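Enquirer: Provided herewith: work15.cif, mmCIF, C-alpha atoms.
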```
data_work
#
loop_
_atom_site.label_atom_id
_atom_site.label_comp_id
_atom_site.auth_asym_id
_atom_site.auth_seq_id
_atom_site.Cartn_x
_atom_site.Cartn_y
_atom_site.Cartn_z
CA MET G 1 -8.88 36.37 52.17
CA ILE G 2 -8.78 35.82 48.40
CA ASN G 3 -6.28 38.08 46.69
CA VAL G 4 -7.77 40.59 44.27
CA ASN G 5 -6.03 41.22 40.96
CA LEU G 6 -7.66 44.34 39.49
CA ASN G 7 -7.12 44.94 35.79
CA VAL G 8 -8.09 48.45 34.65
CA LEU G 9 -9.27 48.97 31.06
CA GLN G 10 -10.01 52.18 29.20
CA THR G 11 -12.94 50.61 27.34
CA CYS G 12 -14.40 47.19 26.49
CA SER G 13 -17.62 45.60 25.27
CA SER G 14 -18.51 44.70 28.85
CA THR G 15 -16.43 43.74 31.85
CA ASN G 16 -18.51 40.56 32.19
CA ASP G 17 -17.47 39.57 28.65
CA ILE G 18 -13.81 40.04 29.56
CA ALA G 19 -14.10 38.26 32.91
CA PHE G 20 -16.04 35.33 31.41
CA LYS G 21 -13.46 34.85 28.66
CA GLU G 22 -10.59 35.00 31.13
CA ALA G 23 -12.35 32.57 33.49
CA LYS G 24 -12.79 30.12 30.61
CA ASN G 25 -9.05 30.41 30.05
CA GLY G 26 -8.34 29.55 33.68
CA ALA G 27 -8.30 32.92 35.46
CA ILE G 28 -8.10 32.39 39.22
CA GLU G 29 -10.54 33.63 41.84
CA GLY G 30 -10.20 37.32 42.44
CA SER G 31 -9.31 38.14 38.84
CA SER G 32 -11.22 41.38 38.35
CA TYR G 33 -11.81 43.85 35.54
CA LEU G 34 -12.70 47.53 35.81
CA SER G 35 -13.44 49.59 32.70
CA TYR G 36 -13.98 53.32 32.41
CA MET G 37 -16.43 52.73 29.55
CA GLN G 38 -18.42 49.84 28.05
CA THR G 39 -19.76 49.69 24.50
CA LYS G 40 -22.21 46.84 25.19
CA GLY G 41 -23.01 47.03 28.88
CA ARG G 42 -25.97 44.93 29.95
CA GLY G 43 -28.10 44.04 32.94
CA ARG G 44 -30.40 41.12 33.66
CA ASN G 45 -32.60 39.75 30.86
CA GLU G 46 -30.30 41.41 28.29
CA ASN G 47 -31.45 44.89 29.33
CA LYS G 48 -28.98 47.51 28.16
CA TRP G 49 -26.85 49.09 30.89
CA GLN G 50 -25.87 52.56 29.78
CA SER G 51 -22.16 52.83 30.44
CA THR G 52 -21.32 56.49 30.85
CA LYS G 53 -17.75 57.44 31.70
CA GLY G 54 -17.53 58.47 35.35
CA ASN G 55 -19.50 55.50 36.64
CA LEU G 56 -18.26 52.12 37.85
CA PHE G 57 -18.28 48.99 35.66
CA LEU G 58 -16.65 46.05 37.41
CA SER G 59 -16.57 42.25 37.15
CA THR G 60 -14.83 39.58 39.18
CA VAL G 61 -14.26 35.82 38.83
CA LEU G 62 -15.16 33.39 41.62
CA ARG G 63 -15.03 29.61 41.83
CA PRO G 64 -17.41 28.57 44.65
CA SER G 65 -17.00 25.32 46.51
CA LYS G 66 -20.76 25.20 47.18
CA LYS G 67 -23.08 23.18 44.95
CA LYS G 68 -24.38 25.13 41.97
CA ILE G 69 -27.97 25.07 43.26
CA PHE G 70 -26.87 27.64 45.84
CA TRP G 71 -25.06 30.00 43.47
CA HIS G 72 -28.11 32.23 42.89
CA GLN G 73 -27.72 33.39 46.52
CA PHE G 74 -24.56 35.16 45.54
CA SER G 75 -26.46 37.92 43.71
CA LEU G 76 -27.80 39.13 47.06
CA ILE G 77 -24.39 38.75 48.69
CA VAL G 78 -22.76 40.91 46.02
CA GLY G 79 -25.58 43.45 46.28
CA PHE G 80 -25.24 43.56 50.04
CA SER G 81 -21.46 44.00 49.71
CA VAL G 82 -21.97 47.01 47.43
CA LEU G 83 -24.55 48.38 49.88
CA GLU G 84 -22.07 48.09 52.75
CA VAL G 85 -19.44 49.99 50.76
CA LEU G 86 -21.89 52.74 49.83
CA CYS G 87 -22.68 53.14 53.53
CA ASP G 88 -18.94 53.20 54.34
CA LEU G 89 -18.54 55.99 51.76
CA GLY G 90 -21.18 58.08 53.50
CA VAL G 91 -24.61 57.12 52.13
CA LYS G 92 -27.17 57.15 54.95
CA LYS G 93 -28.23 53.65 55.99
CA LYS G 94 -31.85 54.69 56.42
CA LEU G 95 -32.02 55.63 52.71
CA ILE G 96 -30.50 52.49 51.19
CA GLU G 97 -32.39 49.32 50.21
CA LEU G 98 -31.90 46.04 48.38
CA LYS G 99 -34.51 45.04 45.83
CA TRP G 100 -34.53 41.30 45.13
CA PRO G 101 -32.74 39.91 43.27
CA ASN G 102 -30.16 42.40 42.09
CA ASP G 103 -30.78 46.13 42.53
CA ILE G 104 -29.64 48.67 45.11
CA LEU G 105 -31.76 51.76 45.74
CA VAL G 106 -30.99 54.98 47.55
CA ASP G 107 -33.97 57.13 48.53
CA LYS G 108 -36.13 54.88 46.29
CA CYS G 109 -33.92 55.56 43.24
CA LYS G 110 -31.71 52.97 41.54
CA ILE G 111 -27.99 53.42 42.08
CA SER G 112 -26.60 49.97 41.30
CA GLY G 113 -27.34 46.66 39.63
CA ILE G 114 -25.76 43.21 39.77
CA LEU G 115 -25.43 40.69 36.93
CA LEU G 116 -24.33 37.11 37.63
CA GLU G 117 -23.24 34.86 34.79
CA SER G 118 -21.86 31.37 35.33
CA SER G 119 -20.35 28.31 33.73
CA SER G 120 -19.76 24.85 35.13
CA ASP G 121 -17.01 25.85 37.54
CA PHE G 122 -17.11 29.62 37.98
CA ILE G 123 -19.28 32.69 38.54
CA VAL G 124 -18.68 36.09 37.02
CA ALA G 125 -20.20 38.82 39.17
CA GLY G 126 -20.79 42.07 37.30
CA ILE G 127 -21.41 45.30 39.20
CA GLY G 128 -22.57 48.64 37.86
CA VAL G 129 -22.74 51.67 40.16
CA ASN G 130 -23.77 55.20 39.24
CA ILE G 131 -20.97 57.32 40.69
CA SER G 132 -21.03 60.72 38.98
CA LYS G 133 -23.59 60.28 36.17
CA VAL G 134 -27.24 59.21 35.97
CA PRO G 135 -28.21 57.00 32.98
CA SER G 136 -30.65 58.68 30.62
CA ASN G 137 -32.27 55.41 29.50
CA GLU G 138 -33.54 54.20 32.91
CA THR G 139 -37.33 54.15 32.58
CA LYS G 140 -38.56 51.62 35.15
CA TRP G 141 -36.89 53.39 38.06
CA LYS G 142 -35.80 56.87 38.85
CA ALA G 143 -32.01 56.79 39.03
CA THR G 144 -29.54 58.40 41.37
CA LYS G 145 -25.76 58.57 41.76
CA LEU G 146 -23.30 58.35 44.63
CA TYR G 147 -22.36 62.02 44.48
CA ASP G 148 -25.98 63.02 45.07
CA HIS G 149 -25.59 61.63 48.59
CA ILE G 150 -22.04 62.36 49.75
CA ASN G 151 -19.81 65.46 49.73
CA ILE G 152 -16.45 63.83 49.03
CA THR G 153 -15.12 62.32 45.80
CA PHE G 154 -13.15 59.11 45.33
CA LEU G 155 -11.10 57.53 42.59
CA ILE G 156 -13.11 54.90 40.70
CA GLU G 157 -10.28 52.40 41.28
CA ASP G 158 -10.46 52.96 45.05
CA ILE G 159 -14.22 52.36 45.10
CA ALA G 160 -13.73 49.21 43.01
CA LEU G 161 -11.14 47.85 45.42
CA LYS G 162 -13.35 48.57 48.42
CA ILE G 163 -16.22 46.69 46.75
CA LEU G 164 -14.01 43.75 45.80
CA LYS G 165 -12.57 43.41 49.30
CA LYS G 166 -16.06 43.47 50.81
CA ILE G 167 -17.29 40.88 48.28
CA MET G 168 -14.39 38.57 49.07
CA LYS G 169 -15.01 38.85 52.79
CA ASN G 170 -18.70 38.01 52.46
CA TYR G 171 -17.98 35.37 49.80
CA GLU G 172 -15.68 33.49 52.16
CA LEU G 173 -18.33 33.59 54.91
CA TRP G 174 -20.89 32.20 52.44
CA ASN G 175 -18.50 29.59 51.05
CA ILE G 176 -17.54 28.27 54.47
CA HIS G 177 -20.83 28.68 56.34
CA ASP G 178 -24.49 28.68 55.31
CA PHE G 179 -26.42 31.58 53.80
CA ASN G 180 -28.19 32.35 57.10
CA ASN G 181 -25.03 33.95 58.51
CA LEU G 182 -25.40 36.73 55.96
CA LEU G 183 -29.18 36.66 55.66
CA ILE G 184 -29.67 38.16 59.11
CA LYS G 185 -27.65 41.16 57.93
CA ILE G 186 -29.30 41.36 54.50
CA ASN G 187 -33.01 41.20 55.41
CA PRO G 188 -33.11 44.51 57.33
CA PHE G 189 -32.26 46.25 54.04
CA ILE G 190 -34.75 44.38 51.84
CA ARG G 191 -37.37 46.63 50.28
CA ASN G 192 -41.08 46.32 51.16
CA ILE G 193 -40.87 43.63 53.84
CA ASN G 194 -44.29 42.93 55.42
CA LYS G 195 -46.08 44.52 52.46
CA LYS G 196 -48.63 42.78 50.26
CA ILE G 197 -47.04 41.27 47.15
CA ILE G 198 -48.47 39.91 43.90
CA LEU G 199 -46.26 37.73 41.72
CA SER G 200 -46.47 35.58 38.61
CA LEU G 201 -44.45 32.42 38.00
CA PRO G 202 -42.73 31.36 34.75
CA ASN G 203 -44.77 29.06 32.47
CA LYS G 204 -47.77 29.23 34.78
CA ASN G 205 -50.98 31.20 34.68
CA ASP G 206 -51.21 31.36 38.45
CA ILE G 207 -51.06 34.73 40.16
CA ILE G 208 -49.72 34.45 43.70
CA SER G 209 -50.60 36.99 46.36
CA GLY G 210 -49.59 37.20 49.97
CA VAL G 211 -47.42 39.10 52.43
CA PHE G 212 -43.75 39.52 51.60
CA LEU G 213 -41.65 38.34 54.55
CA GLY G 214 -38.24 39.09 53.04
CA ILE G 215 -35.58 36.73 51.73
CA GLY G 216 -35.84 33.08 52.70
CA GLU G 217 -33.01 30.86 53.90
CA ASN G 218 -32.41 29.64 50.35
CA GLY G 219 -32.32 33.10 48.77
CA GLY G 220 -35.83 33.33 47.31
CA LEU G 221 -38.86 35.52 48.01
CA LYS G 222 -40.48 34.38 51.26
CA ILE G 223 -44.26 34.78 51.08
CA ASN G 224 -47.00 34.25 53.65
CA LYS G 225 -49.82 32.89 51.48
CA LYS G 226 -52.92 32.52 53.64
CA GLY G 227 -50.88 31.19 56.55
CA ASN G 228 -48.57 29.03 54.46
CA ILE G 229 -44.95 30.20 54.27
CA ILE G 230 -43.56 29.55 50.77
CA GLU G 231 -40.26 30.56 49.18
CA TYR G 232 -40.23 31.38 45.47
CA PHE G 233 -37.01 31.43 43.42
CA SER G 234 -38.06 31.66 39.80
CA VAL G 235 -40.41 34.60 39.37
CA ASP G 236 -41.58 36.20 36.13
CA ASN G 237 -42.71 39.43 37.71
CA PHE G 238 -43.77 40.84 41.05
CA ILE G 239 -45.43 44.02 42.19
CA PHE G 240 -46.56 45.60 45.41
CA PRO G 241 -49.89 47.41 45.77
CA LYS G 242 -50.17 50.91 44.30
CA GLY G 243 -47.43 50.06 41.81
CA LYS G 244 -44.60 49.92 44.35
CA LEU G 245 -41.97 47.65 42.83
#
```
Is it possible to give me this structure as structure tokens?
Expert:
Amino acid sequence: MINVNLNVLQTCSSTNDIAFKEAKNGAIEGSSYLSYMQTKGRGRNENKWQSTKGNLFLSTVLRPSKKKIFWHQFSLIVGFSVLEVLCDLGVKKKLIELKWPNDILVDKCKISGILLESSSDFIVAGIGVNISKVPSNETKWKATKLYDHINITFLIEDIALKILKKIMKNYELWNIHDFNNLLIKINPFIRNINKKIILSLPNKNDIISGVFLGIGENGGLKINKKGNIIEYFSVDNFIFPKGKL
């Protein structure tokens, strides 16, 4: 397994910033950065990630051997790795879900988000997990924290190392084999499978509706559209009936 080198910081702009800079300077796979606070934490689409002390802010550098067209799959692999660790720490499996492409929910409340950023020869995987605090600026989702669901506390560093070890294990499976080896484990946790879905595509006026079948073999949303099975990767927005995201 890839060796993990965890660097612990008191504060930084964002752990992804640090990891990306270090990767540009040649940091090897497994170089990882944990910070107790972030001044400019962010999620996907430049959404602000409120970085309250007591929660987990972690990034790691990876250099996949797979072609870059497959790298987007890694967001789900990282999310699933975090999910596995949360279950290992005591969160009930029946309460935990993955929301494509990058969120983890517990009892329908957001507990974690994943941010992938890449260059020509590396990926930086950023992970935020609510451990002991709930962000006050989360408006789209109700938020929750790990200590709402378990009765034992852990050092942030220990949780980070558990997550990193799980990521490296699943990363090696993905790097060596195809995505399907992990997909059969991931899909049972995907939110709203077999529910009606409505989605819009970038730069198109078309509204697509159908039945959501889960994650496809290439890592996109698998939709049954009037009997045709189609996988969508680039999606502007998607909703489920009655406003269920």
Enquirer: I'd like the neighbourhood of segment 87-92 of chain G as number ranges by chain, where a residue qualifies if any of its atoms comes within 8 Å (using only C-alpha atoms), though same-chain residues fewer than 5 positions away should be ignored.
Expert: G: 146, 149-150
Enquirer: Which residue out of G:Leu173, G:Leu155, G:Ile190, G:Val85 has the minimum interatomic distance to Lys108 of chain G when all atoms listed in the file are used?
Expert: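 Nearest to Lys108 of chain G: G:Ile190.
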Enquirer: Smallest atom-to-atom distance to Ile114 of chain G: which of G:Asn16, G:Trp174, G:Thr144, G:Phe179, using only C-alpha atoms?
Expert: G:Asn16
Enquirer: So the first atom is atom CA of Leu116 of chain G and the second is atom CA of Ile197 of chain G; what is the distance between them in Å, to one decimal place?
Expert: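 Atom CA of Leu116 of chain G sits 25.0 Å away from atom CA of Ile197 of chain G.
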Enquirer: Expand the PyMOL selection byres ((chain G and resi 217) around 9) into the explicit residue set it covers here, and present it as an MDAnalysis selection string.
Expert: chainID G and resid 178:180 183 215:216 218:220 222 231
Enquirer: Starting from the PyMOL selection byres ((chain G and resi 126) around 7), expand the selection into actual residues of this file and give them as a PyMOL selection string.
Expert: chain G and resi 16+58-60+114-116+124-125+127-128
Enquirer: Could you list, as a ChimeraX atom specification, every residue within 8 Å of Pro202 of chain G, counting all atoms listed in the file and ignoring same-chain residues fewer than 4 positions away?
Expert: /G:234-236
Enquirer: Do you know which residues are at most 8 Å from segment 64-68 of chain G counting all atoms listed in the file, after dropping those on the same chain fewer than 3 positions away, and could you put them as a PyMOL selection string?
Expert: chain G and resi 71+121-123+175
Enquirer: Expand the PyMOL selection byres ((chain G and resi 56) around 10) into the explicit residue set it covers here, and present it as a ChimeraX atom specification.
Expert: /G:34-37,51-55,57-58,112,127-133,156-157,159-160
Enquirer: Would you kindly identify which residues have an atom no farther than 10 Å from (-46.1, 32.8, 36.7), using only C-alpha atoms and the file's own coordinates, and write them out as an NGL selection string?
Expert: :G and (199-208 or 234-238)
Enquirer: By how many Å are atom CA of Leu62 of chain G and atom CA of Gln38 of chain G apart?
Expert: 21.6 Å
Enquirer: Neighbouring residues of segment 29-31 of chain G were defined as those with any atom within 7 Å, considering all atoms listed in the file; residues of the same chain fewer than 2 positions away were excluded. Please report them as number ranges by chain.
Expert: G: 2-6, 27, 60-63
Enquirer: Give me segment 124-148 of chain G with N, CA and C atoms filled in, as a JSON list (two decimals), in the coordinates of the input.
Expert:
```json
[["chain", "number", "residue", "atom", "x", "y", "z"],
["G", 124, "VAL", "N", -19.13, 34.72, 37.26],
["G", 124, "VAL", "CA", -18.68, 36.09, 37.02],
["G", 124, "VAL", "C", -19.73, 37.01, 37.63],
["G", 125, "ALA", "N", -19.31, 37.85, 38.55],
["G", 125, "ALA", "CA", -20.20, 38.82, 39.17],
["G", 125, "ALA", "C", -19.92, 40.19, 38.57],
["G", 126, "GLY", "N", -20.91, 40.75, 37.90],
["G", 126, "GLY", "CA", -20.79, 42.07, 37.30],
["G", 126, "GLY", "C", -21.50, 43.11, 38.15],
["G", 127, "ILE", "N", -20.86, 44.24, 38.33],
["G", 127, "ILE", "CA", -21.41, 45.30, 39.20],
["G", 127, "ILE", "C", -21.38, 46.62, 38.44],
["G", 128, "GLY", "N", -22.51, 47.29, 38.39],
["G", 128, "GLY", "CA", -22.57, 48.64, 37.86],
["G", 128, "GLY", "C", -23.05, 49.57, 38.96],
["G", 129, "VAL", "N", -22.35, 50.69, 39.15],
["G", 129, "VAL", "CA", -22.74, 51.67, 40.16],
["G", 129, "VAL", "C", -22.69, 53.05, 39.52],
["G", 130, "ASN", "N", -23.76, 53.81, 39.69],
["G", 130, "ASN", "CA", -23.77, 55.20, 39.24],
["G", 130, "ASN", "C", -22.97, 56.03, 40.25],
["G", 131, "ILE", "N", -21.84, 56.55, 39.81],
["G", 131, "ILE", "CA", -20.97, 57.32, 40.69],
["G", 131, "ILE", "C", -21.18, 58.83, 40.47],
["G", 132, "SER", "N", -20.94, 59.28, 39.25],
["G", 132, "SER", "CA", -21.03, 60.72, 38.98],
["G", 132, "SER", "C", -22.03, 61.06, 37.89],
["G", 133, "LYS", "N", -22.63, 60.04, 37.26],
["G", 133, "LYS", "CA", -23.59, 60.28, 36.17],
["G", 133, "LYS", "C", -24.85, 59.44, 36.41],
["G", 134, "VAL", "N", -25.98, 59.94, 35.91],
["G", 134, "VAL", "CA", -27.24, 59.21, 35.97],
["G", 134, "VAL", "C", -27.60, 58.77, 34.55],
["G", 135, "PRO", "N", -27.85, 57.46, 34.33],
["G", 135, "PRO", "CA", -28.21, 57.00, 32.98],
["G", 135, "PRO", "C", -29.47, 57.69, 32.48],
["G", 136, "SER", "N", -29.48, 58.00, 31.20],
["G", 136, "SER", "CA", -30.65, 58.68, 30.62],
["G", 136, "SER", "C", -31.70, 57.69, 30.14],
["G", 137, "ASN", "N", -31.34, 56.39, 30.06],
["G", 137, "ASN", "CA", -32.27, 55.41, 29.50],
["G", 137, "ASN", "C", -32.99, 54.60, 30.57],
["G", 138, "GLU", "N", -32.85, 54.93, 31.84],
["G", 138, "GLU", "CA", -33.54, 54.20, 32.91],
["G", 138, "GLU", "C", -34.98, 54.67, 32.98],
["G", 139, "THR", "N", -35.92, 53.77, 32.64],
["G", 139, "THR", "CA", -37.33, 54.15, 32.58],
["G", 139, "THR", "C", -38.16, 53.52, 33.70],
["G", 140, "LYS", "N", -37.77, 52.31, 34.14],
["G", 140, "LYS", "CA", -38.56, 51.62, 35.15],
["G", 140, "LYS", "C", -38.41, 52.27, 36.52],
["G", 141, "TRP", "N", -37.20, 52.77, 36.77],
["G", 141, "TRP", "CA", -36.89, 53.39, 38.06],
["G", 141, "TRP", "C", -36.33, 54.79, 37.85],
["G", 142, "LYS", "N", -36.59, 55.66, 38.78],
["G", 142, "LYS", "CA", -35.80, 56.87, 38.85],
["G", 142, "LYS", "C", -34.39, 56.45, 39.25],
["G", 143, "ALA", "N", -33.39, 57.16, 38.73],
["G", 143, "ALA", "CA", -32.01, 56.79, 39.03],
["G", 143, "ALA", "C", -31.35, 57.87, 39.87],
["G", 144, "THR", "N", -30.33, 57.47, 40.58],
["G", 144, "THR", "CA", -29.54, 58.40, 41.37],
["G", 144, "THR", "C", -28.07, 58.02, 41.24],
["G", 145, "LYS", "N", -27.19, 58.83, 41.81],
["G", 145, "LYS", "CA", -25.76, 58.57, 41.76],
["G", 145, "LYS", "C", -25.14, 58.83, 43.12],
["G", 146, "LEU", "N", -23.97, 58.25, 43.33],
["G", 146, "LEU", "CA", -23.30, 58.35, 44.63],
["G", 146, "LEU", "C", -23.10, 59.80, 45.05],
["G", 147, "TYR", "N", -22.70, 60.64, 44.11],
["G", 147, "TYR", "CA", -22.36, 62.02, 44.48],
["G", 147, "TYR", "C", -23.59, 62.90, 44.71],
["G", 148, "ASP", "N", -24.78, 62.33, 44.59],
["G", 148, "ASP", "CA", -25.98, 63.02, 45.07],
["G", 148, "ASP", "C", -26.11, 62.91, 46.58]]
```
